[in-house]
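**Q** Input structure: work.pdb, which contains PDB, C-alpha atoms.
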```
ATOM      1  CA  MET A   1       8.630  11.119  13.780  1.00  0.00           C
ATOM      2  CA  LYS A   2       7.963  13.629  11.015  1.00  0.00           C
ATOM      3  CA  ILE A   3       7.057  10.843   8.553  1.00  0.00           C
ATOM      4  CA  LYS A   4       4.480   9.359  10.954  1.00  0.00           C
ATOM      5  CA  ALA A   5       2.817  12.765  11.323  1.00  0.00           C
ATOM      6  CA  GLN A   6       2.668  13.105   7.527  1.00  0.00           C
ATOM      7  CA  LEU A   7       1.112   9.662   7.196  1.00  0.00           C
ATOM      8  CA  LYS A   8      -1.536  10.502   9.761  1.00  0.00           C
ATOM      9  CA  GLU A   9      -2.340  13.702   7.870  1.00  0.00           C
ATOM     10  CA  GLN A  10      -2.570  11.754   4.619  1.00  0.00           C
ATOM     11  CA  LYS A  11      -4.881   9.187   6.191  1.00  0.00           C
ATOM     12  CA  ILE A  12      -7.266  11.865   7.427  1.00  0.00           C
ATOM     13  CA  LYS A  13      -7.055  13.701   4.107  1.00  0.00           C
ATOM     14  CA  TYR A  14      -7.974  10.672   1.967  1.00  0.00           C
ATOM     15  CA  LEU A  15     -10.337   8.693   4.188  1.00  0.00           C
ATOM     16  CA  PRO A  16     -13.636  10.357   3.229  1.00  0.00           C
ATOM     17  CA  SER A  17     -13.299   9.315  -0.426  1.00  0.00           C
ATOM     18  CA  LEU A  18     -11.895   5.833   0.163  1.00  0.00           C
ATOM     19  CA  SER A  19     -13.642   2.474   0.378  1.00  0.00           C
ATOM     20  CA  GLY A  20     -13.313   0.066   3.291  1.00  0.00           C
ATOM     21  CA  ILE A  21     -10.651  -2.003   1.540  1.00  0.00           C
ATOM     22  CA  ASP A  22      -8.624   1.128   0.777  1.00  0.00           C
ATOM     23  CA  ARG A  23      -8.722   2.040   4.452  1.00  0.00           C
ATOM     24  CA  LEU A  24      -7.614  -1.484   5.398  1.00  0.00           C
ATOM     25  CA  ILE A  25      -4.688  -1.260   2.978  1.00  0.00           C
ATOM     26  CA  ILE A  26      -3.631   2.091   4.455  1.00  0.00           C
ATOM     27  CA  ASP A  27      -3.897   0.758   8.006  1.00  0.00           C
ATOM     28  CA  VAL A  28      -1.853  -2.361   7.193  1.00  0.00           C
ATOM     29  CA  LEU A  29       0.839  -0.366   5.372  1.00  0.00           C
ATOM     30  CA  GLN A  30       1.016   2.085   8.272  1.00  0.00           C
ATOM     31  CA  SER A  31       1.341  -0.723  10.794  1.00  0.00           C
ATOM     32  CA  TYR A  32       3.736  -3.046   8.961  1.00  0.00           C
ATOM     33  CA  GLY A  33       5.529  -0.834   6.429  1.00  0.00           C
ATOM     34  CA  PRO A  34       6.133  -1.706   2.765  1.00  0.00           C
ATOM     35  CA  MET A  35       4.621  -5.009   1.662  1.00  0.00           C
ATOM     36  CA  THR A  36       4.176  -7.090  -1.460  1.00  0.00           C
ATOM     37  CA  ARG A  37       0.721  -7.703  -2.839  1.00  0.00           C
ATOM     38  CA  GLU A  38       0.901 -11.295  -1.618  1.00  0.00           C
ATOM     39  CA  GLU A  39       1.642 -10.141   1.932  1.00  0.00           C
ATOM     40  CA  LEU A  40      -1.276  -7.685   1.790  1.00  0.00           C
ATOM     41  CA  VAL A  41      -3.610 -10.451   0.607  1.00  0.00           C
ATOM     42  CA  LYS A  42      -2.621 -12.609   3.590  1.00  0.00           C
ATOM     43  CA  LYS A  43      -3.135  -9.760   6.091  1.00  0.00           C
ATOM     44  CA  ILE A  44      -6.412  -8.431   4.684  1.00  0.00           C
ATOM     45  CA  LYS A  45      -7.843 -11.817   3.591  1.00  0.00           C
ATOM     46  CA  LYS A  46      -9.396 -10.570   0.353  1.00  0.00           C
ATOM     47  CA  PRO A  47      -8.882 -11.884  -3.210  1.00  0.00           C
ATOM     48  CA  ARG A  48      -5.589 -10.832  -4.791  1.00  0.00           C
ATOM     49  CA  THR A  49      -7.323  -9.270  -7.798  1.00  0.00           C
ATOM     50  CA  THR A  50      -9.399  -7.084  -5.479  1.00  0.00           C
ATOM     51  CA  ILE A  51      -6.299  -5.944  -3.606  1.00  0.00           C
ATOM     52  CA  TYR A  52      -4.491  -5.299  -6.896  1.00  0.00           C
ATOM     53  CA  ASP A  53      -7.384  -3.219  -8.295  1.00  0.00           C
ATOM     54  CA  HIS A  54      -7.443  -1.064  -5.167  1.00  0.00           C
ATOM     55  CA  LEU A  55      -3.650  -0.666  -5.171  1.00  0.00           C
ATOM     56  CA  VAL A  56      -3.717   0.516  -8.802  1.00  0.00           C
ATOM     57  CA  LYS A  57      -6.410   3.112  -8.029  1.00  0.00           C
ATOM     58  CA  MET A  58      -4.581   4.275  -4.906  1.00  0.00           C
ATOM     59  CA  ASN A  59      -1.334   4.501  -6.878  1.00  0.00           C
ATOM     60  CA  ILE A  60      -3.004   6.730  -9.468  1.00  0.00           C
ATOM     61  CA  LYS A  61      -4.387   8.963  -6.693  1.00  0.00           C
ATOM     62  CA  GLY A  62      -0.895   9.194  -5.184  1.00  0.00           C
ATOM     63  CA  ILE A  63      -1.773   7.483  -1.912  1.00  0.00           C
ATOM     64  CA  VAL A  64       0.568   4.510  -2.366  1.00  0.00           C
ATOM     65  CA  GLU A  65       3.807   4.059  -4.263  1.00  0.00           C
ATOM     66  CA  LYS A  66       4.990   0.966  -6.083  1.00  0.00           C
ATOM     67  CA  TYR A  67       8.684   0.059  -6.262  1.00  0.00           C
ATOM     68  CA  SER A  68      10.791  -2.955  -7.160  1.00  0.00           C
ATOM     69  CA  VAL A  69      13.587  -4.656  -5.272  1.00  0.00           C
ATOM     70  CA  ILE A  70      16.051  -6.631  -7.341  1.00  0.00           C
ATOM     71  CA  THR A  71      17.318  -9.745  -5.596  1.00  0.00           C
ATOM     72  CA  LYS A  72      20.240 -11.941  -6.563  1.00  0.00           C
ATOM     73  CA  LYS A  73      17.816 -14.718  -7.410  1.00  0.00           C
ATOM     74  CA  ARG A  74      16.599 -15.435 -10.905  1.00  0.00           C
ATOM     75  CA  GLY A  75      13.265 -14.142 -12.109  1.00  0.00           C
ATOM     76  CA  ARG A  76      11.321 -10.953 -11.710  1.00  0.00           C
ATOM     77  CA  PRO A  77      12.118  -8.402  -9.038  1.00  0.00           C
ATOM     78  CA  LYS A  78       9.802  -8.242  -6.016  1.00  0.00           C
ATOM     79  CA  VAL A  79       7.269  -5.426  -6.206  1.00  0.00           C
ATOM     80  CA  TYR A  80       6.468  -3.630  -2.952  1.00  0.00           C
ATOM     81  CA  TYR A  81       3.837  -1.061  -2.076  1.00  0.00           C
ATOM     82  CA  ARG A  82       4.214   1.693   0.517  1.00  0.00           C
ATOM     83  CA  LEU A  83       2.365   4.829   1.516  1.00  0.00           C
ATOM     84  CA  SER A  84       3.413   7.871  -0.495  1.00  0.00           C
ATOM     85  CA  GLN A  85       5.824  10.119   1.292  1.00  0.00           C
ATOM     86  CA  SER A  86       4.750  13.361  -0.344  1.00  0.00           C
TER
END
```
As structure tokens, what does this structure read like?

**A**
Amino acid sequence: MKIKAQLKEQKIKYLPSLSGIDRLIIDVLQSYGPMTREELVKKIKKPRTTIYDHLVKMNIKGIVEKYSVITKKRGRPKVYYRLSQS
């Protein structure tokens, strides 16, 4: 419960300076939890480069965090994005 309250505070804190796509990303991450960029593209229905550009900017501002999950499959680890917890 404490984490949800923090996320709501963060959302209110950052919303005035964010674009519409940034707000959509925050809403989707709040609703569904951590997601890959591909999953965000499918939910928001915007080009993947647009989503990526916004995620990079939001990561720099400290709104979202990026982390990797290593699977037992070959290839690169999956990269997920989530709302920052601080």

**Q** For the atom pair atom CA of A:Tyr52 and atom CA of A:Ser31, what is the interatomic distance in Å to one decimal place?

**A**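 Taking atom CA of A:Tyr52 and atom CA of A:Ser31, their separation equals 19.2 Å.
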
**Q** Suppose you want the space between atom CA of A:Ser68 and atom CA of A:Thr36; what is it in Å?

**A**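 Separation between atom CA of A:Ser68 and atom CA of A:Thr36: 9.7 Å.
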
**Q** Pull out every residue that the PyMOL selection byres ((chain A and resi 81) around 6) matches in the shown coordinates and put them as a ChimeraX atom specification.

**A** /A:34-35,65-66,80,82

**Q** May I ask which of the residues A:Lys57, A:Arg76, A:Arg37, A:Arg48 is the closest one to A:Ser19, counting only C-alpha atoms?

**A**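 Under the stated criterion, the closest residue is A:Lys57.
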
**Q** Would you compute the distance between atom CA of A:Asp53 and atom CA of A:Gly33? Give it in Å to one decimal.

**A**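 Atom-to-atom, atom CA of A:Asp53 to atom CA of A:Gly33, that is 19.7 Å.
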
**Q** Go through A:Ser84, A:Ile26, A:Glu39, A:Ile51 one by one, measure the shortest atom-to-atom distance of each to A:Tyr67 using all atoms listed in the file, and give the residue with the smallest value.

**A**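 When distances to A:Tyr67 are compared using all atoms listed in the file, the smallest one comes from A:Ser84.
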
**Q** With all atoms listed in the file as the counted atoms, please give the residues lying no more than 12 Å from A:Thr49, apart from itself and same-chain residues fewer than 4 positions off, as a list of chain:residue names.

**A**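 What passes the distance filter is A:Arg37, A:Glu38, A:Leu40, A:Val41, A:Lys45, A:Asp53, A:His54, A:Leu55, A:Val56.
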
**Q** Name the closest residue to A:Gly20 among the candidates A:Ile63, A:Ile44, A:Val69, A:Val79; distances are taken between atoms, counting all atoms listed in the file.

**A**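 Residue with the minimum atom-to-atom distance to A:Gly20: A:Ile44.
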
**Q** Of the residues A:Lys42, A:Pro47, A:Pro77, A:Arg23, which is the one nearest to A:Val64, using all atoms listed in the file?

**A**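 With all atoms listed in the file as the atom set, the closest residue is A:Arg23.
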
**Q** Taking all atoms listed in the file into account, name the residue in A:Ile70, A:Gly62, A:Ile21, A:Asp27 that is nearest to A:Thr50.

**A**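 Residue with the minimum atom-to-atom distance to A:Thr50: A:Ile21.
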
**Q** Mind giving me the axis-aligned box for stretch 46-54 of chain A with 4 Å on every side, centre plus edges in Å to one decimal, as lines of an AutoDock Vina configuration file?

**A**
```
center_x = -6.9
center_y = -6.5
center_z = -4.0
size_x = 12.9
size_y = 18.8
size_z = 16.6
```
